[in-house]
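Quick notes on the structure that follows.
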Protein chains: 2
Amino acid sequence: MLEEIGQRAKAASRVLACVGTEEKNSALLAIADALDSEAAWIVSENEKDLAAGRENGLSEALLDRLALNKERIAGITDSIRRVASLPDPVGRILSETERPNGLRLTKVSVPIGVIAVIYEARPNVTADAAVLCLKSGNVVILRGGKEAIRSNIAISEVMRRALAGAGLPADCVQLIHDTDRAVTQELMRLKKYVDVLIPRGGAGLIRAVVEQATVPVIETGAGTCHVYVDRAANIEMAAEIIYNAKTSRPSVCNAAECMLVHRAVAAQALPVIAARLAERHVEIRGTDEVRQLLPAAVPATEDDWGKEYNDYIMAARIVADEEEAISYINRYGTGHSECIVTEDTAAAEHFLRAVDAAAVYHNASTRFTDGGEFGMGAEIGISTQKLHVRGPIGLEELTSMKYIVRGNGQVR
Amino acid sequence: MLEEIGQRAKAASRVLACVGTEEKNSALLAIADALDSEAAWIVSENEKDLAAGRENGLSEALLDRLALNKERIAGITDSIRRVASLPDPVGRILSETERPNGLRLTKVSVPIGVIAVIYEARPNVTADAAVLCLKSGNVVILRGGKEAIRSNIAISEVMRRALAGAGLPADCVQLIHDTDRAVTQELMRLKKYVDVLIPRGGAGLIRAVVEQATVPVIETGAGTCHVYVDRAANIEMAAEIIYNAKTSRPSVCNAAECMLVHRAVAAQALPVIAARLAERHVEIRGTDEVRQLLPAAVPATEDDWGKEYNDYIMAARIVADEEEAISYINRYGTGHSECIVTEDTAAAEHFLRAVDAAAVYHNASTRFTDGGEFGMGAEIGISTQKLHVRGPIGLEELTSMKYIVRGNGQVR
């Protein structure tokens, strides 16, 4: 079955590679219109998923992530229309040179081809991922979670009909209906047809993909982010940044999990920061040295270092100097987003260079690591790997390139 | 053992990430000088490899690839000095923006970190790969073939001493001395320390890496390249391009393996092309239709389509039109280098867009797909994958990037 899906995807990708910007944008707008007008049906299919979920004892948090209503669908279609209005990432001239022998080389952005996206409960990913792939000229094979299967089928069917109506192959978007786990594993190894695999989900999914995939993967990794409060930090600013990085949305990957405070300012800074975090009842887990300054802090164990809490919990430790902070972050961080708070420019520049992460911040919250905040218009996740894309995966990052070489008979 | 090598590599990479251009270039020149002055010792170690190889019955071709002499070492050190003179690929500003909230975003090129290179018989790769990695700020773990182990140890020891003498960690270059196969497999899964794996070798090695690696891979793939002779081709030019693409160096990946000729010009073109190829005794393997025009051609079998001969053999078939040529290439090609010969600009532009390959040529030989010919100064191989790098892998392609975000207290 996957063999056939792969063949159809590859065939559709040959067509899509030659489709122009206007045609792609019309198809995107047609998809948005179709999802709007079919919203009632999609919601009714979603209700069946929700009923099954309740029967299977899904948590309220998971049921909330699964739920669709007219407003959420309107949110999806708004964002599709915004994507349609963004510049086409395909056909950008990345470099142009003429060689001494007269060959003219143009390096140009092209679609990647066929992208498989494996994701978990949220049915909105079905539309979001498909639309970003389409805009970048890629065909998508979607593999969503079992819990959302009826919603995902409804959304993908509406998109496929809209594509056909707009004159593009319906197979530009294919959803795998069979929710068996073995199919996911087969998809990760469908190298003959799939050019890139993007897993979107928890650490378990990412690990399984890394272990088993033969298809190249763009990892959207976990985030254990740190804020280092330097000896030359503005303490009020440090407290605001830590408060924001920890509490504005603790469940996301760019939230901070640990603060490192320079020993010279710890006695002054920790109580100020702790008082601010107490407003949201954040539990601080600290070393003995931290607990001498913050008696209310819980003792940290070895397990707390490098941990992604996704909760109102924050680890804290005191460091002797900036070097210790950098070494600690490079050891325990996940290479996502890391911050130094300091008024010392030289210390800041050293930190920005020496810390090995997708985004390094001086005097700003780690929460800004996001395609929208970075001005990319849209993103499909945050990459913590070093190949191809690091940081938010926007439309440009969903393209590959090719060299076009124009000659008049040159031989070597 | 690999655990320790990995730890030392990671530690060295933290140092190398903060080293400036001048220091890196001095170290490269020190390496070149040291290899020159230790050439006699390296050659004597190489002779031991050659003697063992003869005993084990290595072919003359393999022995030739294995052999080092003063001239070959001078070739290596010349190329090291050329790499030292190239621009530093690290620290390039890839984009700069200021967000409405005042955050200043700089996307800058950074070293990848730790690169593992797995390669086969040629000992010059030991120096070439190490030098390109160093120049791009990366630490390298080398894993060469058993046949060249003494030569590789000698070269790597000379490089390590030169690094230490230049004030850089010797562990910027580590060679794995244990030639057991299991070690290679362990290296492919050393994800904790290795950021990227580059296999350089035959199809078997590449396949093993793709199957087993958990570390992200840059594939340096095989090349089955085609030349399509359009109905509007200049026949003389087509014959010259095919002659060059096939015979100038048949063993390399950018050599052509198959010609596709438009039916309307086949009767005129095929004899001209065949006569040119006959000068180098190229065996043509053709379809029945080809053989009616070229009685000397050998019948092609199904196995000939998509085959990389690496020899003076060329497949030939006739196509009804450009679309058939494009479909055939997209099905049987390896996405390396593909060429159309035509005087029809519209046909050329359609081919350049629709063919899915790292390099697509109009009226020039596929043999130009090469870092040097493309003006990159140096390369570590040709990538046929679509992520990160497609085409020659030069110094810039051996870098990753990071976002540096400078603020003054911004929170979200």
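By convention here, the chains of the structure tokens are called A, B, ... in the order presented, each chain's residues are numbered starting at 1, and ligands are numbered starting at 1 in the order presented.
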| request: List every residue of stretch 47-207 of chain A that DSSP, applied to the backbone, labels as alpha helix (DSSP H), and write the result as an MDAnalysis selection string. | output: chainID A and resid 47:55 60:66 70:85 124:135 149:165 181:187 203:207
| request: Pick out the residues sitting within 6 Å of stretch 251-266 of chain A, and hand them over as a list in words; count only C-alpha atoms, and ignore anything fewer than 3 positions along from it in its own chain. | output: Ala222, Gly223, Thr224, Cys225, His226, Val227, Tyr228, Val229, Asp230, Arg231, Ala245, Lys246, Ala269, Leu270, Asn310, Met314, Ala315, Ala316, Arg317, Ile318, Val319, Ala320, Asp321, Thr366 and Arg367 of chain A
Produce a table with one row for each residue of chain B that has an atom at most 6 Å from any atom of chain A, each row naming the nearest atom pair and its distance in Å at one decimal; use only C-alpha atoms; arrange rows by chain and rising residue number; format as JSON lines.
```
{"residue": "B:Val210", "atom": "CA", "partner": "A:Thr214", "partner_atom": "CA", "distance": 5.6}
{"residue": "B:Glu211", "atom": "CA", "partner": "A:Thr214", "partner_atom": "CA", "distance": 5.6}
{"residue": "B:Thr214", "atom": "CA", "partner": "A:Val210", "partner_atom": "CA", "distance": 5.6}
{"residue": "B:Met237", "atom": "CA", "partner": "A:Gly409", "partner_atom": "CA", "distance": 5.8}
{"residue": "B:Ala358", "atom": "CA", "partner": "A:Lys402", "partner_atom": "CA", "distance": 4.9}
{"residue": "B:Ala359", "atom": "CA", "partner": "A:Tyr403", "partner_atom": "CA", "distance": 4.6}
{"residue": "B:Val360", "atom": "CA", "partner": "A:Ile404", "partner_atom": "CA", "distance": 5.1}
{"residue": "B:Tyr361", "atom": "CA", "partner": "A:Val405", "partner_atom": "CA", "distance": 4.7}
{"residue": "B:His362", "atom": "CA", "partner": "A:Arg406", "partner_atom": "CA", "distance": 4.9}
{"residue": "B:Asn363", "atom": "CA", "partner": "A:Gly409", "partner_atom": "CA", "distance": 5.0}
{"residue": "B:Ala364", "atom": "CA", "partner": "A:Gln410", "partner_atom": "CA", "distance": 4.8}
{"residue": "B:Ser365", "atom": "CA", "partner": "A:Val411", "partner_atom": "CA", "distance": 5.1}
{"residue": "B:Lys386", "atom": "CA", "partner": "A:Ser400", "partner_atom": "CA", "distance": 5.6}
{"residue": "B:Leu387", "atom": "CA", "partner": "A:His388", "partner_atom": "CA", "distance": 5.5}
{"residue": "B:His388", "atom": "CA", "partner": "A:His388", "partner_atom": "CA", "distance": 3.6}
{"residue": "B:Ser400", "atom": "CA", "partner": "A:Lys386", "partner_atom": "CA", "distance": 5.6}
{"residue": "B:Lys402", "atom": "CA", "partner": "A:Ala358", "partner_atom": "CA", "distance": 4.9}
{"residue": "B:Tyr403", "atom": "CA", "partner": "A:Ala359", "partner_atom": "CA", "distance": 4.5}
{"residue": "B:Ile404", "atom": "CA", "partner": "A:Val360", "partner_atom": "CA", "distance": 5.1}
{"residue": "B:Val405", "atom": "CA", "partner": "A:Tyr361", "partner_atom": "CA", "distance": 4.7}
{"residue": "B:Arg406", "atom": "CA", "partner": "A:His362", "partner_atom": "CA", "distance": 4.9}
{"residue": "B:Gly407", "atom": "CA", "partner": "A:Asn363", "partner_atom": "CA", "distance": 5.0}
{"residue": "B:Asn408", "atom": "CA", "partner": "A:Asn363", "partner_atom": "CA", "distance": 5.2}
{"residue": "B:Gly409", "atom": "CA", "partner": "A:Asn363", "partner_atom": "CA", "distance": 5.0}
{"residue": "B:Gln410", "atom": "CA", "partner": "A:Ala364", "partner_atom": "CA", "distance": 4.8}
{"residue": "B:Val411", "atom": "CA", "partner": "A:Ser365", "partner_atom": "CA", "distance": 5.2}
```
| task | Please identify all polymer residues within 12 Å of B:Ala278, counting only C-alpha atoms, omitting same-chain residues fewer than 2 positions from it, and present them as number ranges by chain. | result | B: 239, 242-243, 246-247, 270-276, 280-284, 294, 296-297, 312-314
Quick one: write out the picked residues with C-alpha atoms as a PDB file, in the first residue's frame?
```pdb
ATOM      1  CA  ALA B 239      28.998  14.190 -30.429  1.00  0.00           C
ATOM      2  CA  ILE B 242      29.014  12.814 -25.370  1.00  0.00           C
ATOM      3  CA  TYR B 243      32.582  11.896 -26.313  1.00  0.00           C
ATOM      4  CA  LYS B 246      31.941   9.380 -21.589  1.00  0.00           C
ATOM      5  CA  THR B 247      35.636   9.068 -22.316  1.00  0.00           C
ATOM      6  CA  LEU B 270      23.713   8.277 -33.954  1.00  0.00           C
ATOM      7  CA  PRO B 271      26.306   7.421 -36.645  1.00  0.00           C
ATOM      8  CA  VAL B 272      28.175  10.681 -35.998  1.00  0.00           C
ATOM      9  CA  ILE B 273      28.224  10.114 -32.227  1.00  0.00           C
ATOM     10  CA  ALA B 274      29.143   6.447 -32.613  1.00  0.00           C
ATOM     11  CA  ALA B 275      32.037   7.284 -34.925  1.00  0.00           C
ATOM     12  CA  ARG B 276      33.435   9.708 -32.348  1.00  0.00           C
ATOM     13  CA  ARG B 280      38.155   5.296 -27.813  1.00  0.00           C
ATOM     14  CA  HIS B 281      36.579   1.903 -28.549  1.00  0.00           C
ATOM     15  CA  VAL B 282      33.473   2.643 -26.533  1.00  0.00           C
ATOM     16  CA  GLU B 283      31.010  -0.240 -26.514  1.00  0.00           C
ATOM     17  CA  ILE B 284      27.490   0.999 -27.256  1.00  0.00           C
ATOM     18  CA  LEU B 294      24.246   1.180 -35.477  1.00  0.00           C
ATOM     19  CA  ALA B 296      27.923  -2.659 -34.362  1.00  0.00           C
ATOM     20  CA  ALA B 297      26.033  -1.858 -31.146  1.00  0.00           C
ATOM     21  CA  TYR B 312      34.172   2.597 -21.826  1.00  0.00           C
ATOM     22  CA  ILE B 313      30.599   1.386 -22.250  1.00  0.00           C
ATOM     23  CA  MET B 314      27.570   3.538 -23.041  1.00  0.00           C
TER      24      MET B 314
END
```
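For B:Val117, the list of residues within 8 Å, based on only C-alpha atoms and with local chain neighbours fewer than 3 positions off taken out, reads Ala129, Val140, Ile141, Leu142, Arg143, Leu197, Ile198, Pro199 and Arg200 of chain B.
Across the structure, atom CA of A:Thr220 and atom CA of A:Gly201 are spaced 8.0 Å apart.
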| request: Could you tell me, as a PyMOL selection string, which residues of stretch 97-315 of chain A DSSP assigns to strand (DSSP E) when given the backbone? | output: chain A and resi 97-98+104-111+114-119+139-143+173-175+196-200+225-229+256-262+283-286+298-299+313-315
| request: Compile the contact shell of A:Asp128 as a PyMOL selection string: residues with an atom at most 10 Å away, counting only C-alpha atoms, same-chain residues fewer than 6 positions apart removed. | output: chain A and resi 76-77+79-80+83+378-380
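The environment of stretch 145-147 of chain B within 7 Å, counting only C-alpha atoms and disregarding residues fewer than 2 places along the same chain, consists of Asp49, Gly53, Tyr119, Glu120, Ala121, Arg143, Ile149 and Thr179 of chain B.
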Residue selection dump (N, CA and C atoms) as an mmCIF file, in the first residue's frame:
```
data_model
loop_
_atom_site.group_PDB
_atom_site.id
_atom_site.type_symbol
_atom_site.label_atom_id
_atom_site.label_comp_id
_atom_site.auth_asym_id
_atom_site.auth_seq_id
_atom_site.Cartn_x
_atom_site.Cartn_y
_atom_site.Cartn_z
ATOM 1 N N ASP B 49 52.261 -0.802 3.655
ATOM 2 C CA ASP B 49 50.879 -1.060 3.213
ATOM 3 C C ASP B 49 50.878 -1.723 1.836
ATOM 4 N N GLY B 53 49.489 -5.276 0.810
ATOM 5 C CA GLY B 53 48.461 -5.324 -0.229
ATOM 6 C C GLY B 53 48.816 -6.330 -1.308
ATOM 7 N N TYR B 119 36.073 6.299 4.767
ATOM 8 C CA TYR B 119 36.551 6.245 3.383
ATOM 9 C C TYR B 119 37.314 4.959 3.127
ATOM 10 N N GLU B 120 37.670 4.785 1.848
ATOM 11 C CA GLU B 120 38.269 3.517 1.461
ATOM 12 C C GLU B 120 39.764 3.671 1.183
ATOM 13 N N ALA B 121 40.269 3.086 0.112
ATOM 14 C CA ALA B 121 41.720 2.856 0.017
ATOM 15 C C ALA B 121 42.645 4.076 -0.051
ATOM 16 N N ARG B 143 38.073 7.511 9.562
ATOM 17 C CA ARG B 143 37.998 6.067 9.578
ATOM 18 C C ARG B 143 38.320 5.575 8.166
ATOM 19 N N ILE B 149 46.162 1.463 6.406
ATOM 20 C CA ILE B 149 46.214 1.845 7.820
ATOM 21 C C ILE B 149 47.552 2.442 8.236
ATOM 22 N N THR B 179 40.934 -1.373 12.945
ATOM 23 C CA THR B 179 40.289 -1.494 11.624
ATOM 24 C C THR B 179 39.140 -2.497 11.618
#
```
| task | Could you give me, as a PyMOL selection string, the residues within 8 Å of B:Lys135, counting only C-alpha atoms and dropping anything in the same chain fewer than 5 positions from it? | result | chain B and resi 24-25+28+83-84+88-89+395
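One distance worth recording is that between atom CA of A:Glu157 and atom CA of A:Ile176, which is 11.6 Å.
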| Could you state the separation of atom CA of B:Gly167 and atom CA of B:Ser109 in Å, given to one decimal place? | 23.9 Å
| Pick the closest to B:Ala233 from B:Ser156, B:Thr301, B:Thr345, B:Thr384: which is it, counting only C-alpha atoms? | B:Thr345
